[in-house]
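Just run_21.cif here, mmCIF, C-alpha atoms:
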data_entry
loop_
_atom_site.label_atom_id
_atom_site.label_comp_id
_atom_site.auth_asym_id
_atom_site.auth_seq_id
_atom_site.Cartn_x
_atom_site.Cartn_y
_atom_site.Cartn_z
CA ASP A 1206 0.00 0.00 0.00
CA VAL A 1207 1.40 3.37 -1.02
CA LYS A 1208 2.35 5.72 1.76
CA VAL A 1209 3.16 9.40 2.10
CA THR A 1210 3.78 10.49 5.66
CA GLN A 1211 4.22 13.92 7.15
CA SER A 1212 6.12 14.55 10.35
CA SER A 1213 3.32 16.26 12.26
CA ARG A 1214 -0.47 16.50 11.99
CA TYR A 1215 -0.63 19.67 14.09
CA LEU A 1216 2.04 22.26 14.80
CA VAL A 1217 2.01 25.54 16.73
CA LYS A 1218 4.90 27.98 16.24
CA ARG A 1219 5.65 31.59 17.08
CA THR A 1220 6.26 34.40 14.61
CA GLY A 1221 9.90 34.48 13.55
CA GLU A 1222 10.61 30.83 14.32
CA LYS A 1223 12.22 28.56 11.76
CA VAL A 1224 9.86 25.73 10.89
CA PHE A 1225 10.64 22.40 9.24
CA LEU A 1226 7.92 20.26 7.71
CA GLU A 1227 9.06 16.82 6.69
CA CYS A 1228 7.52 14.51 4.10
CA VAL A 1229 8.55 10.94 3.38
CA GLN A 1230 7.26 8.60 0.65
CA ASP A 1231 7.97 4.91 0.34
CA MET A 1232 7.05 4.44 -3.32
CA ASP A 1233 10.41 5.39 -4.89
CA HIS A 1234 8.69 8.30 -6.65
CA GLU A 1235 10.78 10.85 -8.51
CA ASN A 1236 8.43 13.80 -8.09
CA MET A 1237 7.41 15.40 -4.82
CA PHE A 1238 5.28 18.45 -4.13
CA TRP A 1239 4.36 20.83 -1.34
CA TYR A 1240 0.98 22.57 -1.37
CA ARG A 1241 -0.84 24.76 1.07
CA GLN A 1242 -4.59 24.72 1.39
CA ASP A 1243 -6.64 27.65 2.66
CA PRO A 1244 -10.41 28.10 2.84
CA GLY A 1245 -11.77 29.62 -0.35
CA LEU A 1246 -8.42 29.39 -2.13
CA GLY A 1247 -8.10 25.66 -2.70
CA LEU A 1248 -4.69 24.01 -3.00
CA ARG A 1249 -1.78 26.14 -4.13
CA LEU A 1250 1.58 24.76 -5.17
CA ILE A 1251 4.56 26.08 -3.19
CA TYR A 1252 7.50 24.06 -4.51
CA PHE A 1253 8.11 20.79 -6.29
CA SER A 1254 11.05 18.56 -7.03
CA TYR A 1255 11.76 16.22 -9.94
CA ASP A 1256 14.76 14.52 -8.44
CA VAL A 1257 17.22 14.57 -5.59
CA LYS A 1258 18.75 18.01 -5.09
CA MET A 1259 16.43 19.50 -7.71
CA LYS A 1260 13.69 21.98 -6.92
CA GLU A 1261 11.32 24.22 -8.83
CA LYS A 1262 9.19 27.11 -7.63
CA GLY A 1263 5.47 26.67 -7.72
CA ASP A 1264 2.85 29.41 -7.64
CA ILE A 1265 3.55 30.82 -4.17
CA PRO A 1266 7.20 30.15 -3.16
CA GLU A 1267 7.76 33.43 -1.25
CA GLY A 1268 8.68 32.85 2.36
CA TYR A 1269 9.45 29.17 1.81
CA SER A 1270 12.41 27.03 0.82
CA VAL A 1271 12.77 23.28 0.28
CA SER A 1272 15.35 20.55 0.55
CA ARG A 1273 15.54 17.20 -1.23
CA GLU A 1274 18.73 15.43 -0.10
CA LYS A 1275 17.27 11.94 -0.48
CA LYS A 1276 14.77 10.63 -2.99
CA GLU A 1277 12.22 9.66 -0.38
CA ARG A 1278 12.30 12.86 1.66
CA PHE A 1279 11.16 16.38 0.76
CA SER A 1280 11.34 19.08 3.40
CA LEU A 1281 9.55 22.43 3.45
CA ILE A 1282 11.25 25.19 5.43
CA LEU A 1283 9.74 28.39 6.72
CA GLU A 1284 12.83 30.49 7.43
CA SER A 1285 10.96 32.98 9.61
CA ALA A 1286 7.37 31.99 10.20
CA SER A 1287 4.68 34.64 9.88
CA THR A 1288 1.01 34.59 10.83
CA ASN A 1289 -0.05 34.54 7.17
CA GLN A 1290 1.65 31.16 6.86
CA THR A 1291 -0.95 29.63 9.13
CA SER A 1292 -2.42 26.97 6.88
CA MET A 1293 -2.83 23.29 6.07
CA TYR A 1294 0.30 21.98 4.32
CA LEU A 1295 0.02 18.97 2.06
CA CYS A 1296 2.81 16.90 0.60
CA ALA A 1297 2.34 14.71 -2.47
CA SER A 1298 4.43 12.42 -4.65
CA THR A 1299 4.12 10.88 -8.08
CA ASN A 1300 6.15 8.89 -10.54
CA GLN A 1301 7.43 10.15 -13.87
CA GLY A 1302 5.35 9.70 -16.97
CA ARG A 1303 1.86 10.34 -18.18
CA GLN A 1304 -1.30 9.44 -16.34
CA GLU A 1305 0.50 9.14 -13.06
CA THR A 1306 -1.57 10.06 -10.08
CA GLN A 1307 -0.46 12.06 -7.09
CA TYR A 1308 -0.50 10.46 -3.66
CA PHE A 1309 -1.03 12.86 -0.80
CA GLY A 1310 0.02 12.77 2.81
CA PRO A 1311 -2.44 13.43 5.63
CA GLY A 1312 -1.46 17.09 5.93
CA THR A 1313 0.09 19.27 8.63
CA ARG A 1314 -2.08 21.96 10.15
CA LEU A 1315 0.30 24.79 11.12
CA LEU A 1316 -0.70 27.64 13.40
CA VAL A 1317 1.69 30.59 13.65
CA LEU A 1318 1.01 32.84 16.63
CA ASP B 966 -6.98 29.01 -12.57
CA ALA B 967 -8.55 25.57 -12.39
CA LYS B 968 -10.38 26.01 -15.73
CA THR B 969 -13.13 23.65 -14.64
CA THR B 970 -16.57 24.48 -13.30
CA GLN B 971 -18.34 22.42 -10.68
CA PRO B 972 -21.41 23.01 -8.51
CA THR B 973 -20.50 24.23 -5.07
CA SER B 974 -22.47 21.57 -3.25
CA MET B 975 -24.73 18.55 -3.76
CA ASP B 976 -26.72 16.19 -1.58
CA CYS B 977 -27.27 12.49 -2.14
CA ALA B 978 -29.24 9.86 -0.25
CA GLU B 979 -27.29 6.94 1.13
CA GLY B 980 -27.38 3.93 -1.21
CA ARG B 981 -28.31 6.02 -4.25
CA ALA B 982 -26.01 6.96 -7.10
CA ALA B 983 -24.20 10.27 -6.79
CA ASN B 984 -23.64 12.05 -10.11
CA LEU B 985 -21.15 14.89 -9.94
CA PRO B 986 -20.88 17.08 -13.04
CA CYS B 987 -17.89 19.03 -14.26
CA ASN B 988 -17.60 21.49 -17.10
CA HIS B 989 -14.26 21.80 -18.91
CA SER B 990 -15.34 23.40 -22.15
CA THR B 991 -11.85 24.70 -23.08
CA ILE B 992 -10.05 21.41 -22.55
CA SER B 993 -7.38 20.66 -25.14
CA GLY B 994 -7.00 17.40 -27.01
CA ASN B 995 -4.21 15.95 -24.88
CA GLU B 996 -5.48 17.01 -21.48
CA TYR B 997 -6.84 14.34 -19.17
CA VAL B 998 -9.70 14.74 -16.74
CA TYR B 999 -8.80 13.67 -13.19
CA TRP B 1000 -11.05 13.35 -10.18
CA TYR B 1001 -9.84 13.55 -6.61
CA ARG B 1002 -11.72 13.82 -3.36
CA GLN B 1003 -10.83 15.17 0.05
CA ILE B 1004 -12.47 13.92 3.17
CA HIS B 1005 -12.45 16.40 6.03
CA SER B 1006 -8.98 16.87 7.61
CA GLN B 1007 -7.29 14.42 5.25
CA GLY B 1008 -5.15 14.78 2.15
CA PRO B 1009 -6.77 14.50 -1.30
CA GLN B 1010 -7.30 10.99 -2.64
CA TYR B 1011 -7.15 9.98 -6.30
CA ILE B 1012 -10.39 8.50 -7.67
CA ILE B 1013 -10.21 8.08 -11.43
CA HIS B 1014 -9.07 9.74 -14.64
CA GLY B 1015 -9.77 9.56 -18.38
CA LEU B 1016 -9.01 11.10 -21.74
CA LYS B 1017 -11.82 10.27 -24.17
CA ASN B 1018 -13.35 6.96 -23.21
CA ASN B 1019 -15.55 6.27 -20.23
CA GLU B 1020 -13.67 4.68 -17.36
CA THR B 1021 -14.64 2.53 -14.40
CA ASN B 1022 -12.75 1.30 -11.38
CA GLU B 1023 -13.61 -0.04 -7.96
CA MET B 1024 -14.42 3.43 -6.66
CA ALA B 1025 -16.35 5.15 -9.43
CA SER B 1026 -17.22 5.59 -13.09
CA LEU B 1027 -16.25 8.52 -15.25
CA ILE B 1028 -18.43 9.51 -18.18
CA ILE B 1029 -16.87 11.97 -20.65
CA THR B 1030 -19.02 13.56 -23.33
CA GLU B 1031 -18.08 12.97 -26.93
CA ASP B 1032 -16.97 16.60 -27.39
CA ARG B 1033 -14.99 16.31 -24.12
CA LYS B 1034 -16.41 19.59 -22.83
CA SER B 1035 -17.90 18.02 -19.75
CA SER B 1036 -17.79 14.90 -17.64
CA THR B 1037 -19.68 13.22 -14.81
CA LEU B 1038 -18.27 11.26 -11.91
CA ILE B 1039 -20.63 8.54 -10.74
CA LEU B 1040 -20.47 6.92 -7.32
CA PRO B 1041 -22.89 4.04 -7.89
CA HIS B 1042 -23.99 3.41 -4.29
CA ALA B 1043 -23.03 6.36 -2.13
CA THR B 1044 -22.26 5.75 1.54
CA LEU B 1045 -21.87 8.19 4.41
CA ARG B 1046 -18.10 7.80 4.07
CA ASP B 1047 -18.30 9.29 0.58
CA THR B 1048 -19.12 12.68 2.09
CA ALA B 1049 -16.22 14.82 0.88
CA VAL B 1050 -15.18 17.61 -1.47
CA TYR B 1051 -14.76 16.28 -5.00
CA TYR B 1052 -12.34 17.97 -7.37
CA CYS B 1053 -12.42 17.76 -11.15
CA ILE B 1054 -9.01 18.62 -12.62
CA ARG B 1055 -7.70 18.86 -16.16
CA ASN B 1056 -4.07 18.00 -16.61
CA TYR B 1057 -1.58 17.06 -19.25
CA GLY B 1058 0.03 14.46 -17.08
CA GLY B 1059 3.66 13.98 -17.98
CA SER B 1060 6.68 14.27 -15.73
CA GLN B 1061 5.54 17.29 -13.79
CA GLY B 1062 2.22 15.95 -12.62
CA ASN B 1063 1.32 19.37 -11.29
CA LEU B 1064 -2.39 19.47 -10.47
CA ILE B 1065 -4.41 22.65 -10.18
CA PHE B 1066 -7.26 22.17 -7.75
CA GLY B 1067 -10.32 24.39 -7.98
CA LYS B 1068 -12.97 24.77 -5.30
CA GLY B 1069 -14.63 21.41 -5.95
CA THR B 1070 -18.11 20.13 -5.07
CA LYS B 1071 -19.02 19.45 -1.46
CA LEU B 1072 -20.98 16.19 -1.59
CA SER B 1073 -23.08 15.41 1.46
CA VAL B 1074 -24.43 11.87 1.67
CA LYS B 1075 -27.42 11.74 3.98
CA PRO B 1076 -28.97 8.69 5.69
#
Would you put the structure from the file into structure tokens?
Amino acid sequence: DVKVTQSSRYLVKRTGEKVFLECVQDMDHENMFWYRQDPGLGLRLIYFSYDVKMKEKGDIPEGYSVSREKKERFSLILESASTNQTSMYLCASTNQGRQETQYFGPGTRLLVL
Amino acid sequence: DAKTTQPTSMDCAEGRAANLPCNHSTISGNEYVYWYRQIHSQGPQYIIHGLKNNETNEMASLIITEDRKSSTLILPHATLRDTAVYYCIRNYGGSQGNLIFGKGTKLSVKP
């Protein structure tokens, strides 16, 4: 059974803190994605990665960075958390090629105070 | 921009078929139609996808009109656990696999 796991389901941080969100997939997928989901705005792509050490900006990369040191792990970093980064963060992975579906993790609900 | 149009919400009686429509009138010839759903407080879950032909799997059926401008997702015997937001997405597939989610349809299955 395919599995995408995220390090935390719920997280509370203070403004200015550095925040790490970890995502691990066990399907040997090349592609990994970070989204955030906000009411009324749907899912928005923050960053994605095609391969180890590769990263591409999505639609809303400002205030975020990512790290992909190993194929199975994709980390999202908030260098200095702000209240407008309070959101649900979703990680996904997929294999190369057409018609491949994305598998999502359970999400991390982050609250920045 | 999701470039698909779905009703905001729908109700369905438990045990009946749920038919969820999606309009994608500007879809191009090599774009697929994907359906995902998201149950409250969980990540989205893949349901089904298709290009031109109707498709069926263990979860649902997908009916695509001949002109490909619209499609319908059918859950043949809806259960309470099918209550979720259903997203219709058009996508080229390929190595990026980047999906653009719109607002979706909130399906409420009632006993």
Going by the chain IDs and residue numbers used in this file, which residues fall under the PyMOL selection byres ((chain B) within 12 of (chain A))? Write them as a short mmCIF file (atom, residue, chain, number, x, y, z; two decimals) with C-alpha atoms, in the frame of the given file.
data_model
loop_
_atom_site.label_atom_id
_atom_site.label_comp_id
_atom_site.auth_asym_id
_atom_site.auth_seq_id
_atom_site.Cartn_x
_atom_site.Cartn_y
_atom_site.Cartn_z
CA ASP B 966 -6.98 29.01 -12.57
CA ALA B 967 -8.55 25.57 -12.39
CA THR B 973 -20.50 24.23 -5.07
CA ASN B 995 -4.21 15.95 -24.88
CA GLU B 996 -5.48 17.01 -21.48
CA TYR B 997 -6.84 14.34 -19.17
CA VAL B 998 -9.70 14.74 -16.74
CA TYR B 999 -8.80 13.67 -13.19
CA TRP B 1000 -11.05 13.35 -10.18
CA TYR B 1001 -9.84 13.55 -6.61
CA ARG B 1002 -11.72 13.82 -3.36
CA GLN B 1003 -10.83 15.17 0.05
CA ILE B 1004 -12.47 13.92 3.17
CA HIS B 1005 -12.45 16.40 6.03
CA SER B 1006 -8.98 16.87 7.61
CA GLN B 1007 -7.29 14.42 5.25
CA GLY B 1008 -5.15 14.78 2.15
CA PRO B 1009 -6.77 14.50 -1.30
CA GLN B 1010 -7.30 10.99 -2.64
CA TYR B 1011 -7.15 9.98 -6.30
CA ILE B 1012 -10.39 8.50 -7.67
CA ILE B 1013 -10.21 8.08 -11.43
CA HIS B 1014 -9.07 9.74 -14.64
CA GLY B 1015 -9.77 9.56 -18.38
CA LEU B 1016 -9.01 11.10 -21.74
CA VAL B 1050 -15.18 17.61 -1.47
CA TYR B 1051 -14.76 16.28 -5.00
CA TYR B 1052 -12.34 17.97 -7.37
CA ILE B 1054 -9.01 18.62 -12.62
CA ARG B 1055 -7.70 18.86 -16.16
CA ASN B 1056 -4.07 18.00 -16.61
CA TYR B 1057 -1.58 17.06 -19.25
CA GLY B 1058 0.03 14.46 -17.08
CA GLY B 1059 3.66 13.98 -17.98
CA SER B 1060 6.68 14.27 -15.73
CA GLN B 1061 5.54 17.29 -13.79
CA GLY B 1062 2.22 15.95 -12.62
CA ASN B 1063 1.32 19.37 -11.29
CA LEU B 1064 -2.39 19.47 -10.47
CA ILE B 1065 -4.41 22.65 -10.18
CA PHE B 1066 -7.26 22.17 -7.75
CA GLY B 1067 -10.32 24.39 -7.98
CA LYS B 1068 -12.97 24.77 -5.30
CA GLY B 1069 -14.63 21.41 -5.95
CA THR B 1070 -18.11 20.13 -5.07
#
Residues near segment 1269-1273 of chain A, cut-off 7 Å, only C-alpha atoms, skip fewer than 2 positions along chain, as a list in words: Val1257, Lys1258, Met1259, Pro1266, Glu1267, Lys1275, Lys1276, Arg1278, Phe1279, Ser1280, Leu1281, Ile1282, Leu1283 and Glu1284 of chain A
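Closest approach to Leu1316 of chain A among A:Trp1239, A:Ile1265, A:Thr1220, A:Asp1256 is made by A:Thr1220 (distances from only C-alpha atoms).
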The PyMOL selection byres ((chain B and resi 1031) around 12) resolved against shown file, as a list in words: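 When the PyMOL selection byres ((chain B and resi 1031) around 12) is applied, the selected residues are Ser990, Gly994, Leu1016, Lys1017, Asn1018, Asn1019, Ile1028, Ile1029, Thr1030, Asp1032, Arg1033, Lys1034, Ser1035 and Ser1036 of chain B.
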Test item: residues at most 10 Å from Ser1285 of chain A, all atoms listed in the file, excluding those fewer than 6 positions along its chain, as number ranges by chain: A: 1219-1224, 1268-1269
